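> The file below is work-v3.json, JSON, C-alpha atoms and all ligand atoms:
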```json
[["chain", "number", "residue", "atom", "x", "y", "z"],
["A", 1, "MET", "CA", -15.95, 85.57, 122.73],
["A", 2, "SER", "CA", -18.39, 86.58, 120.00],
["A", 3, "ALA", "CA", -22.16, 86.74, 120.67],
["A", 4, "ASP", "CA", -22.84, 83.75, 118.41],
["A", 5, "ALA", "CA", -20.28, 81.51, 120.14],
["A", 6, "PHE", "CA", -21.43, 78.06, 121.15],
["A", 7, "THR", "CA", -20.20, 75.01, 123.04],
["A", 8, "LEU", "CA", -20.59, 71.37, 122.02],
["A", 9, "ILE", "CA", -20.93, 68.47, 124.44],
["A", 10, "VAL", "CA", -20.81, 64.77, 123.60],
["A", 11, "SER", "CA", -20.85, 61.70, 125.81],
["A", 12, "ASP", "CA", -21.07, 57.90, 125.67],
["A", 13, "LEU", "CA", -19.65, 57.37, 122.20],
["A", 14, "HIS", "CA", -18.29, 53.98, 123.33],
["A", 15, "LEU", "CA", -15.72, 53.91, 120.51],
["A", 16, "ALA", "CA", -14.38, 50.41, 119.95],
["A", 17, "PRO", "CA", -12.64, 48.50, 117.15],
["A", 18, "ALA", "CA", -15.82, 46.45, 116.60],
["A", 19, "GLN", "CA", -17.79, 49.60, 115.63],
["A", 20, "PRO", "CA", -15.64, 51.40, 113.03],
["A", 21, "VAL", "CA", -18.64, 53.40, 111.80],
["A", 22, "LEU", "CA", -18.76, 55.27, 115.13],
["A", 23, "THR", "CA", -15.07, 56.13, 114.95],
["A", 24, "GLN", "CA", -15.50, 57.37, 111.38],
["A", 25, "ARG", "CA", -18.36, 59.57, 112.53],
["A", 26, "PHE", "CA", -16.29, 60.93, 115.40],
["A", 27, "VAL", "CA", -13.38, 61.72, 113.07],
["A", 28, "ARG", "CA", -15.76, 63.55, 110.74],
["A", 29, "PHE", "CA", -17.32, 65.41, 113.69],
["A", 30, "CYS", "CA", -13.83, 66.50, 114.75],
["A", 31, "ARG", "CA", -12.93, 67.61, 111.24],
["A", 32, "GLU", "CA", -16.13, 69.38, 110.15],
["A", 33, "ILE", "CA", -18.22, 70.38, 113.17],
["A", 34, "ALA", "CA", -16.20, 70.66, 116.38],
["A", 35, "PRO", "CA", -13.80, 73.31, 114.98],
["A", 36, "THR", "CA", -16.77, 75.72, 114.61],
["A", 37, "ALA", "CA", -17.40, 75.68, 118.38],
["A", 38, "SER", "CA", -15.62, 77.74, 121.01],
["A", 39, "ALA", "CA", -15.33, 74.73, 123.32],
["A", 40, "LEU", "CA", -15.87, 70.98, 123.23],
["A", 41, "TYR", "CA", -16.63, 68.85, 126.27],
["A", 42, "VAL", "CA", -16.50, 65.05, 126.22],
["A", 43, "LEU", "CA", -18.35, 63.82, 129.32],
["A", 44, "GLY", "CA", -17.02, 60.28, 129.54],
["A", 45, "ASP", "CA", -17.23, 56.89, 127.87],
["A", 46, "LEU", "CA", -15.56, 58.24, 124.74],
["A", 47, "PHE", "CA", -14.04, 54.77, 124.64],
["A", 48, "ASP", "CA", -15.87, 51.54, 125.32],
["A", 49, "PHE", "CA", -12.88, 50.59, 127.48],
["A", 50, "TRP", "CA", -9.65, 52.34, 128.34],
["A", 51, "ILE", "CA", -7.21, 50.03, 130.10],
["A", 52, "GLY", "CA", -4.37, 52.51, 130.59],
["A", 53, "ASP", "CA", -2.44, 55.29, 128.87],
["A", 54, "ASP", "CA", 0.26, 52.82, 127.87],
["A", 55, "THR", "CA", -2.12, 51.69, 125.07],
["A", 56, "LEU", "CA", -1.96, 55.03, 123.24],
["A", 57, "ASP", "CA", -0.28, 53.29, 120.32],
["A", 58, "ASP", "CA", -3.32, 51.11, 119.69],
["A", 59, "PRO", "CA", -4.62, 52.16, 116.21],
["A", 60, "LEU", "CA", -8.08, 53.16, 117.47],
["A", 61, "HIS", "CA", -6.61, 55.18, 120.33],
["A", 62, "ARG", "CA", -4.16, 56.90, 118.00],
["A", 63, "GLU", "CA", -6.90, 57.81, 115.54],
["A", 64, "VAL", "CA", -9.29, 59.15, 118.19],
["A", 65, "CYS", "CA", -6.64, 61.09, 120.11],
["A", 66, "GLY", "CA", -5.32, 62.51, 116.82],
["A", 67, "ALA", "CA", -8.83, 63.65, 115.85],
["A", 68, "LEU", "CA", -9.31, 65.40, 119.20],
["A", 69, "LYS", "CA", -5.86, 66.96, 118.97],
["A", 70, "SER", "CA", -6.72, 68.39, 115.55],
["A", 71, "VAL", "CA", -9.75, 70.10, 117.16],
["A", 72, "ALA", "CA", -7.60, 71.51, 119.98],
["A", 73, "ASP", "CA", -5.03, 72.69, 117.42],
["A", 74, "THR", "CA", -7.68, 74.88, 115.75],
["A", 75, "GLY", "CA", -8.00, 76.81, 119.03],
["A", 76, "VAL", "CA", -11.10, 75.07, 120.41],
["A", 77, "ALA", "CA", -10.87, 74.45, 124.18],
["A", 78, "VAL", "CA", -11.21, 70.65, 124.46],
["A", 79, "HIS", "CA", -12.18, 69.19, 127.84],
["A", 80, "PHE", "CA", -12.44, 65.56, 128.88],
["A", 81, "MET", "CA", -14.20, 64.04, 131.88],
["A", 82, "VAL", "CA", -13.83, 60.32, 132.47],
["A", 83, "GLY", "CA", -16.78, 57.90, 132.49],
["A", 84, "ASN", "CA", -17.24, 54.48, 134.03],
["A", 85, "ARG", "CA", -15.60, 52.84, 130.99],
["A", 86, "ASP", "CA", -12.57, 55.10, 130.50],
["A", 87, "PHE", "CA", -11.75, 56.33, 134.02],
["A", 88, "LEU", "CA", -8.13, 55.23, 133.60],
["A", 89, "ALA", "CA", -7.54, 57.92, 130.96],
["A", 90, "ASP", "CA", -4.86, 60.18, 132.43],
["A", 91, "GLY", "CA", -2.07, 62.64, 131.67],
["A", 92, "ASP", "CA", -0.58, 60.92, 128.62],
["A", 93, "PHE", "CA", -4.05, 60.63, 127.09],
["A", 94, "ALA", "CA", -4.57, 64.35, 127.76],
["A", 95, "THR", "CA", -1.28, 65.25, 126.09],
["A", 96, "ALA", "CA", -1.99, 63.06, 123.05],
["A", 97, "SER", "CA", -5.51, 64.45, 122.60],
["A", 98, "GLY", "CA", -4.87, 68.09, 123.52],
["A", 99, "ALA", "CA", -7.71, 67.80, 126.05],
["A", 100, "ARG", "CA", -7.81, 69.25, 129.53],
["A", 101, "LEU", "CA", -8.96, 66.67, 132.08],
["A", 102, "ILE", "CA", -11.81, 68.00, 134.22],
["A", 103, "ASP", "CA", -13.25, 66.60, 137.45],
["A", 104, "ASP", "CA", -16.62, 64.94, 137.79],
["A", 105, "PRO", "CA", -18.53, 67.06, 138.79],
["A", 106, "THR", "CA", -17.41, 70.41, 137.35],
["A", 107, "VAL", "CA", -19.40, 73.64, 137.28],
["A", 108, "VAL", "CA", -18.76, 75.94, 134.31],
["A", 109, "ASP", "CA", -20.38, 79.10, 133.07],
["A", 110, "LEU", "CA", -21.71, 78.18, 129.63],
["A", 111, "HIS", "CA", -22.70, 81.34, 127.76],
["A", 112, "GLY", "CA", -24.10, 82.97, 130.89],
["A", 113, "THR", "CA", -25.66, 79.96, 132.64],
["A", 114, "PRO", "CA", -23.92, 78.09, 135.47],
["A", 115, "THR", "CA", -23.87, 74.48, 134.31],
["A", 116, "LEU", "CA", -22.95, 71.37, 136.26],
["A", 117, "LEU", "CA", -21.26, 68.74, 134.10],
["A", 118, "MET", "CA", -21.13, 65.09, 135.19],
["A", 119, "HIS", "CA", -20.74, 61.70, 133.57],
["A", 120, "GLY", "CA", -23.84, 60.58, 135.48],
["A", 121, "ASP", "CA", -22.87, 57.23, 136.97],
["A", 122, "SER", "CA", -22.23, 58.72, 140.42],
["A", 123, "LEU", "CA", -25.91, 59.76, 140.50],
["A", 124, "CYS", "CA", -27.11, 56.13, 140.23],
["A", 125, "THR", "CA", -27.01, 55.75, 144.00],
["A", 126, "ASP", "CA", -29.87, 53.22, 144.16],
["A", 127, "ASP", "CA", -27.67, 50.78, 142.22],
["A", 128, "HIS", "CA", -25.87, 49.58, 145.33],
["A", 129, "ALA", "CA", -23.93, 46.81, 143.52],
["A", 130, "TYR", "CA", -22.58, 49.37, 141.04],
["A", 131, "MET", "CA", -21.73, 51.86, 143.79],
["A", 132, "ALA", "CA", -19.69, 49.18, 145.59],
["A", 133, "PHE", "CA", -17.96, 48.24, 142.32],
["A", 134, "ARG", "CA", -17.28, 51.91, 141.57],
["A", 135, "ALA", "CA", -15.71, 52.54, 144.96],
["A", 136, "GLN", "CA", -13.44, 49.57, 144.40],
["A", 137, "VAL", "CA", -12.22, 50.44, 140.89],
["A", 138, "ARG", "CA", -11.78, 54.16, 141.67],
["A", 139, "ASN", "CA", -9.40, 53.22, 144.50],
["A", 140, "PRO", "CA", -5.90, 54.40, 143.43],
["A", 141, "LYS", "CA", -4.23, 51.30, 144.90],
["A", 142, "VAL", "CA", -6.55, 48.96, 142.97],
["A", 143, "GLN", "CA", -5.90, 50.99, 139.82],
["A", 144, "ALA", "CA", -2.11, 50.90, 140.28],
["A", 145, "GLN", "CA", -2.25, 47.14, 140.75],
["A", 146, "PHE", "CA", -4.39, 46.75, 137.59],
["A", 147, "LEU", "CA", -2.09, 49.01, 135.56],
["A", 148, "SER", "CA", 0.92, 46.91, 136.56],
["A", 149, "LEU", "CA", -0.57, 43.85, 134.80],
["A", 150, "PRO", "CA", 0.34, 42.93, 131.22],
["A", 151, "VAL", "CA", -2.04, 44.43, 128.63],
["A", 152, "ALA", "CA", -3.45, 41.01, 127.62],
["A", 153, "VAL", "CA", -4.29, 40.18, 131.24],
["A", 154, "ARG", "CA", -5.97, 43.58, 131.65],
["A", 155, "TRP", "CA", -8.14, 42.91, 128.59],
["A", 156, "GLN", "CA", -9.09, 39.50, 130.02],
["A", 157, "GLN", "CA", -10.13, 41.08, 133.31],
["A", 158, "VAL", "CA", -12.11, 43.79, 131.56],
["A", 159, "GLY", "CA", -13.90, 41.11, 129.50],
["A", 160, "ALA", "CA", -14.78, 39.13, 132.63],
["A", 161, "THR", "CA", -15.96, 42.30, 134.38],
["A", 162, "ARG", "CA", -18.07, 43.37, 131.42],
["A", 163, "ASP", "CA", -19.68, 39.89, 131.27],
["A", 164, "ALA", "CA", -20.44, 40.00, 135.00],
["A", 165, "SER", "CA", -21.85, 43.52, 134.64],
["A", 166, "GLU", "CA", -24.07, 42.51, 131.69],
["A", 167, "ARG", "CA", -25.38, 39.52, 133.70],
["A", 168, "GLU", "CA", -26.11, 41.65, 136.74],
["A", 169, "LYS", "CA", -27.82, 44.35, 134.68],
["A", 170, "GLN", "CA", -30.37, 41.76, 133.48],
["A", 171, "ALA", "CA", -31.58, 41.43, 137.06],
["A", 172, "LYS", "CA", -31.79, 45.18, 137.75],
["A", 173, "THR", "CA", -34.86, 47.31, 137.09],
["A", 174, "MET", "CA", -34.65, 50.33, 134.77],
["A", 175, "ASP", "CA", -35.37, 52.54, 137.79],
["A", 176, "ILE", "CA", -32.40, 51.22, 139.73],
["A", 177, "MET", "CA", -30.09, 51.87, 136.77],
["A", 178, "ASP", "CA", -31.32, 55.45, 136.34],
["A", 179, "VAL", "CA", -30.11, 58.44, 138.34],
["A", 180, "ALA", "CA", -31.68, 58.64, 141.80],
["A", 181, "PRO", "CA", -33.84, 61.80, 142.16],
["A", 182, "ALA", "CA", -32.49, 62.38, 145.67],
["A", 183, "ALA", "CA", -28.90, 62.27, 144.39],
["A", 184, "VAL", "CA", -29.78, 64.77, 141.66],
["A", 185, "GLU", "CA", -31.37, 67.12, 144.19],
["A", 186, "ASP", "CA", -28.36, 66.84, 146.51],
["A", 187, "VAL", "CA", -25.88, 67.70, 143.77],
["A", 188, "LEU", "CA", -28.02, 70.60, 142.50],
["A", 189, "ARG", "CA", -28.34, 71.98, 146.04],
["A", 190, "ALA", "CA", -24.61, 71.56, 146.75],
["A", 191, "ASN", "CA", -23.69, 73.48, 143.58],
["A", 192, "GLY", "CA", -26.05, 76.45, 143.83],
["A", 193, "TYR", "CA", -28.96, 75.15, 141.70],
["A", 194, "PRO", "CA", -27.26, 75.13, 138.28],
["A", 195, "ARG", "CA", -28.37, 73.60, 135.00],
["A", 196, "LEU", "CA", -27.20, 69.94, 134.95],
["A", 197, "ILE", "CA", -25.88, 68.10, 131.89],
["A", 198, "HIS", "CA", -24.86, 64.44, 132.05],
["A", 199, "GLY", "CA", -24.73, 61.21, 130.07],
["A", 200, "HIS", "CA", -24.27, 57.57, 131.14],
["A", 201, "THR", "CA", -27.89, 56.39, 131.28],
["A", 202, "HIS", "CA", -28.41, 56.46, 127.48],
["A", 203, "ARG", "CA", -31.87, 57.92, 128.09],
["A", 204, "PRO", "CA", -31.85, 61.26, 126.27],
["A", 205, "ALA", "CA", -34.37, 63.66, 127.76],
["A", 206, "VAL", "CA", -34.71, 67.02, 129.39],
["A", 207, "HIS", "CA", -36.06, 67.02, 132.92],
["A", 208, "GLU", "CA", -37.01, 69.78, 135.29],
["A", 209, "HIS", "CA", -36.22, 69.55, 138.99],
["A", 210, "VAL", "CA", -37.62, 72.02, 141.47],
["A", 211, "VAL", "CA", -35.20, 72.06, 144.40],
["A", 212, "ASP", "CA", -35.84, 74.36, 147.36],
["A", 213, "GLY", "CA", -37.97, 76.51, 145.06],
["A", 214, "HIS", "CA", -35.30, 76.70, 142.32],
["A", 215, "ARG", "CA", -36.13, 75.34, 138.86],
["A", 216, "CYS", "CA", -33.19, 73.42, 137.37],
["A", 217, "GLU", "CA", -33.03, 71.84, 133.91],
["A", 218, "ARG", "CA", -31.36, 68.43, 133.63],
["A", 219, "TRP", "CA", -30.26, 67.48, 130.13],
["A", 220, "VAL", "CA", -29.37, 63.83, 129.50],
["A", 221, "ILE", "CA", -27.11, 63.31, 126.49],
["A", 222, "ALA", "CA", -27.75, 60.43, 124.08],
["A", 223, "ASP", "CA", -25.17, 57.71, 123.50],
["A", 224, "TRP", "CA", -23.92, 57.16, 119.94],
["A", 225, "ARG", "CA", -25.33, 54.28, 117.92],
["A", 226, "ALA", "CA", -24.90, 53.07, 114.36],
["A", 227, "ASP", "CA", -28.10, 54.89, 113.33],
["A", 228, "LEU", "CA", -28.04, 57.95, 115.61],
["A", 229, "ALA", "CA", -25.49, 60.32, 117.08],
["A", 230, "GLU", "CA", -25.80, 63.74, 118.64],
["A", 231, "ALA", "CA", -24.03, 66.55, 120.37],
["A", 232, "LEU", "CA", -25.61, 69.08, 122.68],
["A", 233, "ARG", "CA", -25.18, 72.62, 121.41],
["A", 234, "ILE", "CA", -25.21, 75.33, 124.05],
["A", 235, "ASP", "CA", -25.29, 79.04, 123.40],
["A", 236, "ALA", "CA", -26.66, 82.13, 125.13],
["A", 237, "ARG", "CA", -30.22, 81.07, 124.22],
["A", 238, "GLY", "CA", -29.93, 77.64, 125.83],
["A", 239, "VAL", "CA", -29.37, 73.98, 124.97],
["A", 240, "SER", "CA", -30.40, 72.19, 121.79],
["A", 241, "ARG", "CA", -29.77, 68.75, 120.32],
["A", 242, "LEU", "CA", -27.59, 68.69, 117.23],
["A", 243, "PRO", "CA", -28.06, 65.48, 115.20],
["A", 244, "LEU", "CA", -24.77, 64.47, 113.61],
["A", 245, "PRO", "CA", -24.46, 63.25, 110.03],
["A", 246, "LEU", "CA", -24.27, 59.47, 109.58],
["B", 301, "LIG", "O1", -21.29, 50.49, 131.43],
["B", 301, "LIG", "P1", -22.73, 50.10, 131.50],
["B", 301, "LIG", "O2", -23.64, 51.26, 131.27],
["B", 301, "LIG", "O3", -23.03, 48.92, 130.61],
["B", 301, "LIG", "O4", -23.01, 49.57, 132.99],
["B", 301, "LIG", "C1", -22.70, 50.41, 134.09],
["B", 301, "LIG", "C2", -22.26, 49.55, 135.26],
["B", 301, "LIG", "N1", -21.21, 48.61, 134.87],
["B", 301, "LIG", "C3", -19.93, 49.00, 134.79],
["B", 301, "LIG", "C4", -18.93, 47.96, 134.36],
["B", 301, "LIG", "C5", -18.46, 48.29, 132.95],
["B", 301, "LIG", "O5", -19.55, 48.31, 132.07],
["B", 301, "LIG", "C6", -17.45, 47.26, 132.44],
["B", 301, "LIG", "C7", -16.13, 47.34, 133.10],
["B", 301, "LIG", "C8", -15.35, 48.57, 132.74],
["B", 301, "LIG", "C9", -13.93, 48.37, 133.10],
["B", 301, "LIG", "C10", -13.09, 49.60, 132.85],
["B", 301, "LIG", "C11", -11.62, 49.24, 132.63],
["B", 301, "LIG", "C12", -10.71, 49.28, 133.75],
["B", 301, "LIG", "C13", -10.88, 48.36, 134.97],
["B", 301, "LIG", "C14", -9.94, 48.90, 136.02],
["B", 301, "LIG", "C15", -9.95, 48.31, 137.36],
["B", 301, "LIG", "C16", -9.09, 49.13, 138.29],
["B", 301, "LIG", "O6", -19.54, 50.13, 135.03],
["B", 301, "LIG", "C17", -23.40, 48.75, 135.81],
["B", 301, "LIG", "C18", -24.56, 49.69, 136.15],
["B", 301, "LIG", "C19", -24.95, 50.45, 134.88],
["B", 301, "LIG", "O7", -23.82, 51.20, 134.44],
["B", 301, "LIG", "C20", -26.10, 51.45, 135.11],
["B", 301, "LIG", "O8", -25.68, 52.53, 135.94],
["B", 301, "LIG", "O9", -25.65, 48.92, 136.63],
["B", 301, "LIG", "O10", -22.95, 48.21, 137.05],
["B", 301, "LIG", "C21", -22.81, 46.86, 137.14],
["B", 301, "LIG", "O11", -23.35, 46.08, 136.41],
["B", 301, "LIG", "C22", -21.91, 46.44, 138.30],
["B", 301, "LIG", "C23", -22.33, 45.11, 138.91],
["B", 301, "LIG", "O12", -23.61, 45.21, 139.47],
["B", 301, "LIG", "C24", -21.31, 44.70, 139.98],
["B", 301, "LIG", "C25", -19.92, 44.47, 139.46],
["B", 301, "LIG", "C26", -19.70, 43.13, 138.81],
["B", 301, "LIG", "C27", -18.23, 42.94, 138.42],
["B", 301, "LIG", "C28", -17.56, 41.82, 139.17],
["B", 301, "LIG", "C29", -16.19, 41.56, 138.60],
["B", 301, "LIG", "C30", -15.92, 40.10, 138.46],
["B", 301, "LIG", "C31", -14.85, 39.77, 137.44],
["B", 301, "LIG", "C32", -13.45, 40.18, 137.88],
["B", 301, "LIG", "C33", -12.37, 39.63, 137.01],
["B", 301, "LIG", "C34", -11.04, 40.13, 137.41],
["B", 302, "MN", "MN", -21.23, 55.40, 131.36]]
```
Take the structure in the file and give it back as structure tokens.

Amino acid sequence: MSADAFTLIVSDLHLAPAQPVLTQRFVRFCREIAPTASALYVLGDLFDFWIGDDTLDDPLHREVCGALKSVADTGVAVHFMVGNRDFLADGDFATASGARLIDDPTVVDLHGTPTLLMHGDSLCTDDHAYMAFRAQVRNPKVQAQFLSLPVAVRWQQVGATRDASEREKQAKTMDIMDVAPAAVEDVLRANGYPRLIHGHTHRPAVHEHVVDGHRCERWVIADWRADLAEALRIDARGVSRLPLPL
């Protein structure tokens, strides 16, 4: 790899038919920017909802997977980690998009620095209602049962779940919905005090955690909105925010 190689990381794009401008931006990102990187990581919630790989023919899904595949076809290593909206993305999605599915969490060496990649939702351990919900929907038996339902019924259930989630979020404090400092420290300790990069909270920032005397950076990636979108750019000098053209 050349000395000026760099990696791009995006998260929380929440692509959906109702927001075509975001999909257009993603397609442009895949055409003009991502092919210049050595690797691309998508850290979850690429889609607002993913109800199963049997919906790959959906026009939005086809367009997004095709855009990712075109990046992979240029020789860029494309990696995908699921988020709390698209955790049902699986092998057929990976084949269609040319992406390698990676676990949450995953530690990678990014241009000389060990870096822990996560979606971020598993760090919100003070949000007990979400943790209980997460345990339920990440259960393979629950997922198999959901995937056996007709597509229209799955969309209905997702709509009802989203409505319930939006209602419950109104009653939660911002602190509860953020990552829990103790969970961050635990995961940094368990992984040898790496740099941490995650999304999910939609609160872009860079934090410093001192854990057992080790200083660890924690970069939080921004979600994509109509008026703002970014990728993190990582090279041997460190991490920077790359604003993406509108
Ligand atoms: O996503 P975000 O950031 O808005 O909120 C999350 C947490 N909410 C969720 C739910 C999703 O947003 C919507 C559902 C996605 C479905 C994926 C498709 C496949 C389903 C497959 C099933 C096998 O993740 C939110 C957190 C917030 O992050 C911050 O961290 O607070 O958590 C909640 O709001 C959860 C609620 O507190 C508890 C769960 C309520 C749902 C009850 C379901 C009732 C309806 C069932 C109908 C069949
Ligand atoms: Mn999320």
> Quick one: of A:Val21, A:Ala152, A:Ala229, A:Leu188, who's nearest to Pro114 in chain A, counting all atoms listed in the file?
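Among A:Val21, A:Ala152, A:Ala229, A:Leu188, it is A:Leu188 that comes nearest to Pro114 in chain A.
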> When you count all atoms listed in the file, which of these residues is closest to Ile197 in chain A: A:Arg218, A:His14, A:His79, A:Arg237?
A:Arg218
> Please give me, as a list in words, the residues lying within 6 Å of ligand MN 302 (chain B) when counting only C-alpha atoms and all ligand atoms.
Asp45, Gly83, Asn84 and His200 of chain A
> Taking only C-alpha atoms and all ligand atoms into account, which residues have an atom no farther than 7 Å from ligand LIG 301 (chain B)? I'd like them as a PyMOL selection string.
chain A and resi 49-51+84-88+121+124+127+129-130+133+137-138+142-143+146+157-158+160-162+164-166+168-169+177-178+200-201
> Which is closest to Val210 in chain A among A:Trp224, A:Asp235, A:Arg31, A:Ala182, if we use only C-alpha atoms?
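Closest to Val210 in chain A, using only C-alpha atoms: A:Ala182.
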> Which is closer to Ala231 in chain A than all the others in A:Ala5, A:Val107, A:Val10, A:Val153, using all atoms listed in the file?
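Smallest separation from Ala231 in chain A among the options: A:Val10.
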> Counting only C-alpha atoms, which residues sit no farther than 8 Å from the position (-13.5, 52.8, 118.0) in the file's frame? I'd like them as a ChimeraX atom specification.
/A:14-20,22-23,47-48,60-61,64
> What does the structure give for the distance between CA of His198 in chain A and CA of Val220 in chain A, in Å to one decimal?
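Between these atoms lies a distance of 5.2 Å.
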> Quick one: of A:Met81, A:Asp126, A:His202, A:Asp58, who's nearest to Thr173 in chain A, counting only C-alpha atoms?
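Checking each of A:Met81, A:Asp126, A:His202, A:Asp58 against Thr173 in chain A, counting only C-alpha atoms, the winner is A:Asp126.
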> From the options A:Ile176, A:Ala77, A:Ala67, A:Val184, which residue's atoms come nearest to Leu101 in chain A, counting only C-alpha atoms?
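Checking each of A:Ile176, A:Ala77, A:Ala67, A:Val184 against Leu101 in chain A, counting only C-alpha atoms, the winner is A:Ala77.
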> If we count only C-alpha atoms, what is near Arg241 in chain A at a cut-off of 12 Å, once residues fewer than 3 positions away on the same chain are taken out, given as number ranges by chain?
A: 7-10, 204-206, 219-222, 228-235, 238, 244
> Kindly give the distance, in Å, that separates CA of Gln170 in chain A and CA of Glu208 in chain A, rounded to a single decimal.
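Straight-line distance from CA of Gln170 in chain A to CA of Glu208 in chain A works out to 28.9 Å.
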> Quick check, in Å to one decimal: how far apart do CA of Phe29 in chain A and CA of Ser122 in chain A lie?
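Calculated distance between CA of Phe29 in chain A and CA of Ser122 in chain A is 28.0 Å.
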> Would you compute an axis-aligned box for range 117-120 of chain A, covering every atom listed for it in the file with 8 Å of margin on each side, and report centre and edge lengths in Å to one decimal as lines of an AutoDock Vina configuration file?

```
center_x = -22.3
center_y = 64.7
center_z = 134.5
size_x = 19.1
size_y = 24.2
size_z = 17.9
```
> Got a sec to check which residues sit within 8 Å of (-26.4, 72.3, 138.1), counting all atoms listed in the file, and write them as a ChimeraX atom specification?
/A:107,114-117,187-188,191-197,216-218
